[in-house]
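Notes follow once the structure below has been shown.
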Amino acid sequence: AAASSPSLAESPVRSTTNGAMACIPACLLAAGLWHFGLPPHQPADWRALGMAGLLQRAAAAVVAAAPLWLRLGFGGVRSDAPVVLRGTRPSMYRPAADDGLVWGALLVLLVLLSRSIAGRGSGGGPAAGLGHQGAWVLGMGMSWTFSLLALDARMRQGGVRGRTGVLALALAGAVYVGIAGSPALGGGPTVGALAVLAAASAQHTATVVILRSMPRSFTLGEAAVAAQGAVLGAADLAVRVVARVRAGPGDAGDAHMPGLLLEVAVLALVLLVCVLAWIHPARGGARGAGVRAIGTVRFCFLTGAFACGALCLAAFISGVNPLAWACGALLGRPAHWAVLAYWAVLLAGGAALYTAVPVDLAAAGHAKLVLHIKRKAYHVLAVLLFAPAHIAAPVLLHVGFTAALAAFVVAEAARTLGVGPWAAAIDRFLRRFTDARDAGQVVTSHFYLLLGCALPVWLGGARAACLAGVLALGVADTAASLVGLRLGRHRWPGSPKTIEGTAGFVLGLFAAASLVPAGGGPGPAARLALCAMLGLLEALTEQNDNLVVALTAHAAMNALAQPGQRAGA
């Protein structure tokens, strides 16, 4: 079955490039663990750790090395063969791309480590929900089981024996991680082991569901990252709910409203999409524009019902009316009104410029150039929208990203399910910006651009880390495109991108990061080395660069920030 995968035939150059890119998250995670230790960041002196600390560091090293070992070859199994998980088919994965196994196993873990490092100097009280240590324990368990299940899939594809032992090892490793990390999860060894096993099972199930329900839209690594993020968010929200239930009637609720609104919004959106897909089967985007009116009414009713449910859940956990909070915290400050007016002017100007691009260029054979210009124009617009807002009104930007994600999901659901008269209009608009990565029915380009800018803000940390996605995607990526189009002559092996364009990315990102106000990040030398690494990653990775570059930049800038520059995550 694996022989039918479009990405199976890897040339030697492509295989070497993908292997080199897979080393980046593994090396960054290993360096972070070596220098900072495990959360809660034990002393670097190994003699002061004790046997339990040594075993935990050894387990973390094994978790970090396992997916890279698998990517580079194991037991005679072909390392260039894409992993096809049980329950999926090769045709469900995004074609012409590396499977992203190492990124799927380690990217979330790398972000969790950087958040824990950034949180050391915050000086704040205990974190709401899971906390850094609890999230790290669940992330370790999910990463380990994902790597071992991927090994099982590869052994099954290659006809290699010993799969029962691999599955037993995955189970034993998850149990050990749960027992060792049970204090961070607020329970005994049994609770810790069950929590990690439940998270690992949910992550695997979510990965398979994502690949099956949205075929050809994700690589294995991208689907795994999305699944791990969803499981961690659901676990954090569950902990908050339990804490609120156990609290007395007079106790204060969860005060971190922006993060709470994000989690309840994501939960409501996931449930909404599942219910819509069940009662209103997909009609193929614009082809389903002529559905019955009852479909539109049902869609609008369910969307409103889930939105109300999310607000009620947020009110229960926080003890505060979210709408009243929004009126006071978001609309009660002059700076926020100024940012809203600034956004309105920019969006109106962007729409005017979009309509002003000559349509006859496409008819004259310049369709690719027009598409490129329009895509990068949105990257520039992202910088103008988000960078000043993060400095002037970070809470407003945090909540604004949540609202934008909700609007994107609802619009994509309407388009994909063919709901209402606006489905065809949305489809025509989005199809103008698609590229080879939008091979499935779901258009993902705008989601990746939004999440690449929003995730660093949602995760928090040093200011440069929070702006990592905006700077990398808005400034550096645009600079790379301009330089590559005008001066590009020498292409990277096996890639359409040019060395000159990568140099433009590195210099653009370095200059933009150097202009970030106080609270920035690494020093000039470390910043330049980081920009060079991110430039290579942007040029050579076959994963969606808007996702992996933004999260890698955020994690590295958080870890390299000086202690006085770190903010609460």
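Going through the structure tokens in order, the chains are called A, B, and so on, while each chain numbers its residues from 1 and the ligands are numbered from 1 in the order shown.
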Within 12 Å of range 336-346 of chain A using only C-alpha atoms, minus same-chain residues under 5 positions, as a PyMOL selection string: chain A and resi 326-331+351-353+378+380-397+399-400
Shell around His204 in chain A at 9 Å using only C-alpha atoms, local window under 2 positions removed, as a list in words: Met142, Thr145, Phe146, Leu149, Ala199, Ala200, Ser201, Ala202, Ala206, Thr207, Val208, Val209, Ala224, Ala227 and Gln228 of chain A
Pick from A:Gly233, A:Gly332, A:Gly504, A:Gly494 nearest to Cys531 in chain A, counting only C-alpha atoms: A:Gly504
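Residues with any atom within 10 Å of Ala20 in chain A, counting only C-alpha atoms and excluding same-chain neighbours fewer than 4 positions away, are Arg14, Ser15, Thr16, Ile24, Leu72, Leu537, Leu540 and Thr541 of chain A.
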